$ cat model.txt   # compact mmCIF, C-alpha atoms and all ligand atoms
# COMPACT_ATOMS: atom_id res chain seq x y z
CA MET Z 1 1.80 -24.28 1.02
CA SER Z 2 3.59 -26.75 -1.19
CA ALA Z 3 4.57 -24.47 -4.05
CA ALA Z 4 8.30 -24.11 -3.56
CA GLY Z 5 10.98 -21.95 -5.06
CA GLY Z 6 9.13 -18.68 -4.59
CA ALA Z 7 6.52 -19.64 -7.16
CA GLY Z 8 3.82 -18.85 -4.63
CA VAL Z 9 0.15 -19.66 -4.60
CA ARG Z 10 -2.19 -17.10 -6.05
CA LEU Z 11 -5.88 -17.64 -5.51
CA VAL Z 12 -9.01 -15.73 -6.45
CA LEU Z 13 -12.34 -16.31 -4.72
CA LEU Z 14 -15.57 -15.84 -6.63
CA GLY Z 15 -19.09 -16.18 -5.30
CA ALA Z 16 -22.38 -14.39 -5.00
CA PRO Z 17 -23.08 -12.02 -2.13
CA GLY Z 18 -23.91 -14.25 0.85
CA ALA Z 19 -22.03 -17.28 -0.53
CA GLY Z 20 -19.45 -17.06 2.26
CA LYS Z 21 -16.52 -15.81 0.22
CA GLY Z 22 -15.05 -13.59 2.94
CA THR Z 23 -15.28 -16.34 5.57
CA GLN Z 24 -13.46 -18.81 3.33
CA ALA Z 25 -10.85 -16.27 2.28
CA ASP Z 26 -10.10 -15.63 5.96
CA GLU Z 27 -9.85 -19.34 6.66
CA ILE Z 28 -7.51 -19.98 3.72
CA ALA Z 29 -5.36 -17.04 4.83
CA ARG Z 30 -5.26 -18.30 8.42
CA ARG Z 31 -4.18 -21.81 7.42
CA SER Z 32 -1.74 -20.87 4.67
CA GLY Z 33 -0.22 -17.67 6.02
CA LEU Z 34 -1.02 -15.94 2.73
CA PRO Z 35 -2.54 -12.46 2.96
CA HIS Z 36 -6.30 -12.15 2.39
CA ILE Z 37 -6.67 -9.15 0.10
CA SER Z 38 -10.22 -7.85 -0.08
CA THR Z 39 -10.86 -4.95 -2.44
CA GLY Z 40 -13.23 -3.20 -0.05
CA GLU Z 41 -10.78 -3.39 2.83
CA LEU Z 42 -7.89 -2.37 0.56
CA LEU Z 43 -9.68 0.79 -0.58
CA ARG Z 44 -10.72 1.69 2.97
CA THR Z 45 -7.13 1.23 4.17
CA ALA Z 46 -5.77 3.36 1.31
CA ILE Z 47 -8.19 6.13 2.25
CA ARG Z 48 -7.23 5.90 5.94
CA ASP Z 49 -3.50 5.92 5.21
CA GLY Z 50 -3.85 9.16 3.28
CA SER Z 51 -1.22 8.13 0.72
CA PRO Z 52 -1.34 10.03 -2.63
CA LEU Z 53 -3.16 7.00 -4.09
CA GLY Z 54 -5.49 6.91 -1.09
CA ARG Z 55 -6.34 10.59 -1.47
CA ARG Z 56 -7.37 10.00 -5.09
CA VAL Z 57 -9.58 7.10 -4.00
CA ALA Z 58 -11.06 9.20 -1.18
CA GLY Z 59 -12.00 11.99 -3.61
CA ILE Z 60 -13.89 9.58 -5.83
CA VAL Z 61 -15.67 7.83 -2.96
CA GLU Z 62 -16.65 11.18 -1.40
CA ARG Z 63 -18.24 12.24 -4.66
CA GLY Z 64 -20.24 9.00 -4.55
CA GLU Z 65 -18.66 7.71 -7.75
CA LEU Z 66 -17.50 4.19 -8.57
CA VAL Z 67 -13.75 3.72 -8.25
CA PRO Z 68 -12.56 3.12 -11.84
CA ASP Z 69 -10.86 -0.16 -12.70
CA ALA Z 70 -7.55 1.53 -13.51
CA LEU Z 71 -7.35 3.02 -10.02
CA ILE Z 72 -8.37 -0.23 -8.32
CA GLY Z 73 -5.63 -1.84 -10.42
CA GLU Z 74 -3.07 0.64 -9.12
CA VAL Z 75 -4.06 0.03 -5.51
CA MET Z 76 -3.99 -3.74 -6.13
CA GLU Z 77 -0.59 -3.62 -7.81
CA GLU Z 78 0.84 -1.64 -4.91
CA ARG Z 79 -0.59 -4.18 -2.45
CA LEU Z 80 0.71 -7.20 -4.39
CA SER Z 81 4.19 -5.70 -4.51
CA ARG Z 82 4.52 -5.81 -0.70
CA LYS Z 83 6.73 -8.40 0.91
CA ASP Z 84 3.96 -10.47 2.52
CA ALA Z 85 2.40 -11.12 -0.91
CA GLU Z 86 5.61 -12.51 -2.42
CA ARG Z 87 4.60 -16.10 -1.62
CA GLY Z 88 1.09 -15.58 -2.88
CA SER Z 89 -2.24 -14.10 -1.95
CA VAL Z 90 -5.95 -14.76 -1.62
CA LEU Z 91 -7.94 -12.19 -3.60
CA ASP Z 92 -11.54 -11.51 -2.60
CA GLY Z 93 -13.67 -9.01 -4.53
CA PHE Z 94 -11.20 -8.59 -7.39
CA PRO Z 95 -11.47 -9.28 -10.26
CA ARG Z 96 -15.21 -8.77 -10.53
CA THR Z 97 -15.43 -8.24 -14.29
CA VAL Z 98 -13.64 -9.48 -17.39
CA ALA Z 99 -11.95 -6.07 -17.74
CA GLN Z 100 -10.59 -6.41 -14.20
CA ALA Z 101 -9.43 -9.96 -14.97
CA ASP Z 102 -7.41 -8.57 -17.90
CA LEU Z 103 -5.98 -5.97 -15.56
CA LEU Z 104 -5.02 -8.63 -13.01
CA ASP Z 105 -3.32 -10.72 -15.71
CA ARG Z 106 -1.23 -7.70 -16.71
CA ILE Z 107 -0.33 -6.87 -13.10
CA LEU Z 108 0.77 -10.46 -12.46
CA ALA Z 109 2.60 -10.72 -15.80
CA ARG Z 110 4.67 -7.65 -14.94
CA ARG Z 111 5.73 -9.48 -11.79
CA GLY Z 112 6.38 -12.76 -13.60
CA GLN Z 113 3.45 -14.38 -11.79
CA THR Z 114 0.30 -16.26 -12.74
CA LEU Z 115 -2.92 -17.32 -11.02
CA ASP Z 116 -3.05 -20.85 -9.64
CA ARG Z 117 -6.75 -21.35 -8.91
CA VAL Z 118 -10.01 -19.48 -9.10
CA ILE Z 119 -12.31 -20.86 -6.43
CA LEU Z 120 -16.00 -20.46 -7.23
CA ILE Z 121 -18.20 -20.90 -4.16
CA GLU Z 122 -21.57 -22.06 -5.43
CA VAL Z 123 -24.74 -21.71 -3.36
CA PRO Z 124 -28.24 -22.05 -4.86
CA GLU Z 125 -30.03 -18.71 -4.95
CA PRO Z 126 -32.95 -19.73 -2.68
CA VAL Z 127 -30.39 -20.68 0.00
CA ILE Z 128 -28.59 -17.34 -0.38
CA ILE Z 129 -31.85 -15.43 -0.16
CA GLU Z 130 -32.81 -17.34 2.98
CA ARG Z 131 -29.37 -16.67 4.51
CA ILE Z 132 -29.39 -12.96 3.82
CA ALA Z 133 -33.08 -12.12 4.24
CA GLY Z 134 -33.05 -13.72 7.71
CA ARG Z 135 -30.18 -11.56 8.95
CA ARG Z 136 -30.92 -9.09 11.73
CA SER Z 137 -28.37 -6.80 13.30
CA CYS Z 138 -28.13 -4.59 16.31
CA GLY Z 139 -27.72 -0.92 15.46
CA ARG Z 140 -26.10 -0.27 18.82
CA CYS Z 141 -23.45 -3.00 19.34
CA GLY Z 142 -23.25 -4.53 15.86
CA ALA Z 143 -24.19 -8.09 16.90
CA VAL Z 144 -25.57 -10.11 13.99
CA TYR Z 145 -28.33 -12.73 14.26
CA HIS Z 146 -30.36 -14.91 11.94
CA VAL Z 147 -34.07 -15.42 12.53
CA ARG Z 148 -33.72 -19.20 12.04
CA HIS Z 149 -30.08 -20.20 12.36
CA ASN Z 150 -28.98 -17.90 15.18
CA PRO Z 151 -32.05 -16.26 16.74
CA PRO Z 152 -31.84 -13.91 19.74
CA LYS Z 153 -33.42 -15.16 23.01
CA VAL Z 154 -36.22 -12.61 22.66
CA GLU Z 155 -37.48 -11.99 19.16
CA GLY Z 156 -36.29 -8.68 17.75
CA ILE Z 157 -34.12 -7.81 20.76
CA CYS Z 158 -30.31 -7.96 21.03
CA ASP Z 159 -29.08 -10.51 23.61
CA ARG Z 160 -26.01 -8.45 24.34
CA CYS Z 161 -27.33 -4.94 24.83
CA GLY Z 162 -31.14 -5.14 24.72
CA SER Z 163 -31.51 -2.84 21.73
CA GLU Z 164 -33.96 -3.43 18.93
CA LEU Z 165 -32.72 -5.53 16.00
CA ARG Z 166 -33.20 -4.41 12.44
CA GLN Z 167 -32.75 -5.63 8.90
CA ARG Z 168 -30.24 -3.72 6.78
CA PRO Z 169 -32.01 -2.21 3.76
CA ASP Z 170 -29.51 -4.09 1.54
CA ASP Z 171 -30.72 -7.39 2.98
CA ALA Z 172 -34.38 -7.01 2.01
CA GLU Z 173 -35.45 -9.80 -0.30
CA ALA Z 174 -36.14 -7.61 -3.36
CA VAL Z 175 -32.74 -5.93 -3.00
CA ILE Z 176 -30.97 -9.30 -2.69
CA ALA Z 177 -32.66 -10.55 -5.85
CA GLU Z 178 -31.36 -7.47 -7.67
CA ARG Z 179 -27.83 -7.88 -6.23
CA LEU Z 180 -27.83 -11.53 -7.35
CA ARG Z 181 -28.97 -10.57 -10.82
CA ALA Z 182 -26.17 -7.99 -11.11
CA TYR Z 183 -23.67 -10.55 -9.82
CA ARG Z 184 -24.75 -13.17 -12.38
CA GLU Z 185 -24.52 -10.71 -15.23
CA LEU Z 186 -21.03 -9.47 -14.33
CA THR Z 187 -19.55 -12.72 -13.16
CA ALA Z 188 -20.85 -15.31 -15.64
CA PRO Z 189 -18.34 -14.28 -18.36
CA LEU Z 190 -15.57 -14.23 -15.76
CA VAL Z 191 -16.42 -17.77 -14.62
CA GLU Z 192 -16.43 -18.93 -18.24
CA ARG Z 193 -13.05 -17.33 -18.89
CA TYR Z 194 -11.42 -19.06 -15.94
CA ARG Z 195 -13.14 -22.35 -16.77
CA ARG Z 196 -11.67 -22.26 -20.27
CA ALA Z 197 -8.26 -21.41 -18.82
CA GLY Z 198 -8.48 -24.54 -16.65
CA LEU Z 199 -8.18 -22.49 -13.45
CA LEU Z 200 -11.72 -22.82 -12.11
CA LEU Z 201 -12.40 -24.85 -8.97
CA PRO Z 202 -16.17 -24.96 -8.39
CA VAL Z 203 -16.97 -25.74 -4.76
CA ASP Z 204 -20.32 -26.52 -3.14
CA GLY Z 205 -20.82 -23.65 -0.67
CA ARG Z 206 -23.64 -25.30 1.31
CA GLY Z 207 -23.15 -26.55 4.84
CA ARG Z 208 -20.92 -25.43 7.69
CA PRO Z 209 -17.89 -23.20 6.94
CA GLU Z 210 -15.50 -26.07 7.93
CA GLU Z 211 -17.16 -28.38 5.42
CA VAL Z 212 -16.84 -25.81 2.66
CA PHE Z 213 -13.21 -25.24 3.58
CA SER Z 214 -12.46 -29.00 3.33
CA ARG Z 215 -13.84 -29.01 -0.20
CA ILE Z 216 -11.61 -26.06 -1.13
CA ALA Z 217 -8.56 -27.65 0.48
CA ALA Z 218 -9.14 -30.86 -1.50
CA GLY Z 219 -8.77 -28.89 -4.72
CA VAL Z 220 -5.89 -26.57 -3.90
CA PRO Z 221 -2.47 -28.25 -3.82
CA GLY Z 222 -0.69 -27.59 -0.57
CA LEU Z 223 -3.71 -26.42 1.39
CA ARG Z 224 -4.43 -28.90 4.19
CA ALA Z 225 -7.91 -29.39 5.60
ZN ZN U 1 -26.74 -5.07 20.67

$ encode --input "model.txt" --output "structure tokens" --more "lines below"
Ligand SMILES: [Zn+2]
Amino acid sequence: MSAAGGAGVRLVLLGAPGAGKGTQADEIARRSGLPHISTGELLRTAIRDGSPLGRRVAGIVERGELVPDALIGEVMEERLSRKDAERGSVLDGFPRTVAQADLLDRILARRGQTLDRVILIEVPEPVIIERIAGRRSCGRCGAVYHVRHNPPKVEGICDRCGSELRQRPDDAEAVIAERLRAYRELTAPLVERYRRAGLLLPVDGRGRPEEVFSRIAAGVPGLRA
């Protein structure tokens, strides 16, 4: 990355479920050496580690409750204070709301840091629905297929282990529509906030992952395609 003098490069990735956020975050991390920090993974790791913070998270998750922003903020602050995040980070799944964005600003301010770019991966909803609703996975070995883009040799049967493929309940079309609606409602004000702050980088999320990455790299100083 080009940012010198320890300034670092701090990125946030926004995008609807199925927009390819995780894939791009991984790719940016791989090319830049910055850590990819995903909220889901962070919380799972905290629970596994059994740290005092992790035990609090585990209690909440076990009761089936939503992890409150303040606690996510604590886990995030702890993660961002580690050595590998000194030069920057790629955040995926946080912030998700305006309240979380305020929290992130405060965490960064305490560390004398600011955000550099908020990358918004845009994919039209019909494309997202087609991507997700066509997914089929193997309950036995975890292989993932797509009925059109990556079909198994025999319809409904896993190439690798011969088990029956199924659709995750979350991937049913009606459920996706609801997840997209919830995403729009929560994220629209967040997008507007970052647009006004001049941080937003909207990127066309259609096409192959390499094509999407090139578009991101063109808008993030120091990231080479
Ligand atoms: Zn299988």

$ atom_distance --input "model.txt" --atom1 "atom CA of Z:Gly112" --atom2 "atom CA of Z:Val9"
12.9 Å

$ residues_near_ligand --input "model.txt" --ligand "ligand ZN 1 (chain U)" --cutoff "7 Å" --atoms "all atoms listed in the file" --output "ChimeraX atom specification"
/Z:138-143,158-163

$ write_last_selection --input "model.txt" --atoms "C-alpha atoms" --output "short mmCIF file (atom, residue, chain, number, x, y, z; two decimals), in the frame of the given file"
data_model
loop_
_atom_site.label_atom_id
_atom_site.label_comp_id
_atom_site.auth_asym_id
_atom_site.auth_seq_id
_atom_site.Cartn_x
_atom_site.Cartn_y
_atom_site.Cartn_z
CA CYS Z 138 -28.13 -4.59 16.31
CA GLY Z 139 -27.72 -0.92 15.46
CA ARG Z 140 -26.10 -0.27 18.82
CA CYS Z 141 -23.45 -3.00 19.34
CA GLY Z 142 -23.25 -4.53 15.86
CA ALA Z 143 -24.19 -8.09 16.90
CA CYS Z 158 -30.31 -7.96 21.03
CA ASP Z 159 -29.08 -10.51 23.61
CA ARG Z 160 -26.01 -8.45 24.34
CA CYS Z 161 -27.33 -4.94 24.83
CA GLY Z 162 -31.14 -5.14 24.72
CA SER Z 163 -31.51 -2.84 21.73
#

$ closest_residue --input "model.txt" --among "Z:Val147, Z:Leu108, Z:Ala218, Z:Ala99" --to "Z:Leu186" --atoms "all atoms listed in the file"
Z:Ala99

$ closest_residue --input "model.txt" --among "Z:Arg117, Z:His146, Z:Lys21, Z:Arg55" --to "Z:Arg195" --atoms "only C-alpha atoms"
Z:Arg117

$ closest_residue --input "model.txt" --among "Z:Ala70, Z:Ala19, Z:Leu42, Z:Ile129" --to "Z:Asp204" --atoms "all atoms listed in the file"
Z:Ala19

$ residues_near_point --input "model.txt" --point "(-3.3, 5.1, -2.8)" --cutoff "9 Å" --atoms "only C-alpha atoms" --output "number ranges by chain"
Z: 43, 45-47, 49-58, 71, 74-75, 78

$ closest_residue --input "model.txt" --among "Z:Arg87, Z:Arg215, Z:Arg135, Z:Arg111" --to "Z:Ile176" --atoms "only C-alpha atoms"
Z:Arg135

$ atom_distance --input "model.txt" --atom1 "atom CA of Z:Glu130" --atom2 "atom CA of Z:Leu14"
19.8 Å

$ residues_around --input "model.txt" --residues "Z:Gly18" --least-positions-apart "3" --cutoff "12 Å" --atoms "only C-alpha atoms" --output "number ranges by chain"
Z: 14-15, 21-24, 121-135, 170-171, 176-177, 179-180, 183, 205-206

$ residues_around --input "model.txt" --residues "Z:Gln100" --least-positions-apart "5" --cutoff "9 Å" --atoms "only C-alpha atoms" --output "list in words"
Asp69, Ala70, Ile72, Gly73, Phe94, Pro95 and Asp105 of chain Z

$ residues_around --input "model.txt" --residues "Z:Ser32" --least-positions-apart "6" --cutoff "12 Å" --atoms "all atoms listed in the file" --output "MDAnalysis selection string"
chainID Z and resid 1:3 8:11 24:26 85 87:90 217 220:225

$ write_last_selection --input "model.txt" --atoms "C-alpha atoms" --output "short mmCIF file (atom, residue, chain, number, x, y, z; two decimals), in the frame of the given file"
data_model
loop_
_atom_site.label_atom_id
_atom_site.label_comp_id
_atom_site.auth_asym_id
_atom_site.auth_seq_id
_atom_site.Cartn_x
_atom_site.Cartn_y
_atom_site.Cartn_z
CA MET Z 1 1.80 -24.28 1.02
CA SER Z 2 3.59 -26.75 -1.19
CA ALA Z 3 4.57 -24.47 -4.05
CA GLY Z 8 3.82 -18.85 -4.63
CA VAL Z 9 0.15 -19.66 -4.60
CA ARG Z 10 -2.19 -17.10 -6.05
CA LEU Z 11 -5.88 -17.64 -5.51
CA GLN Z 24 -13.46 -18.81 3.33
CA ALA Z 25 -10.85 -16.27 2.28
CA ASP Z 26 -10.10 -15.63 5.96
CA ALA Z 85 2.40 -11.12 -0.91
CA ARG Z 87 4.60 -16.10 -1.62
CA GLY Z 88 1.09 -15.58 -2.88
CA SER Z 89 -2.24 -14.10 -1.95
CA VAL Z 90 -5.95 -14.76 -1.62
CA ALA Z 217 -8.56 -27.65 0.48
CA VAL Z 220 -5.89 -26.57 -3.90
CA PRO Z 221 -2.47 -28.25 -3.82
CA GLY Z 222 -0.69 -27.59 -0.57
CA LEU Z 223 -3.71 -26.42 1.39
CA ARG Z 224 -4.43 -28.90 4.19
CA ALA Z 225 -7.91 -29.39 5.60
#

$ atom_distance --input "model.txt" --atom1 "atom CA of Z:Leu34" --atom2 "atom CA of Z:Arg208"
22.6 Å

$ axis_aligned_box --input "model.txt" --around "stretch 108-117 of chain Z" --padding-each-side "4 Å" --output "AutoDock Vina command-line options"
--center_x -0.2 --center_y -14.5 --center_z -12.4 --size_x 21.1 --size_y 21.7 --size_z 14.9

$ closest_residue --input "model.txt" --among "Z:Asp92, Z:Arg106, Z:Ile119, Z:Ala172" --to "Z:Val212" --atoms "all atoms listed in the file"
Z:Ile119
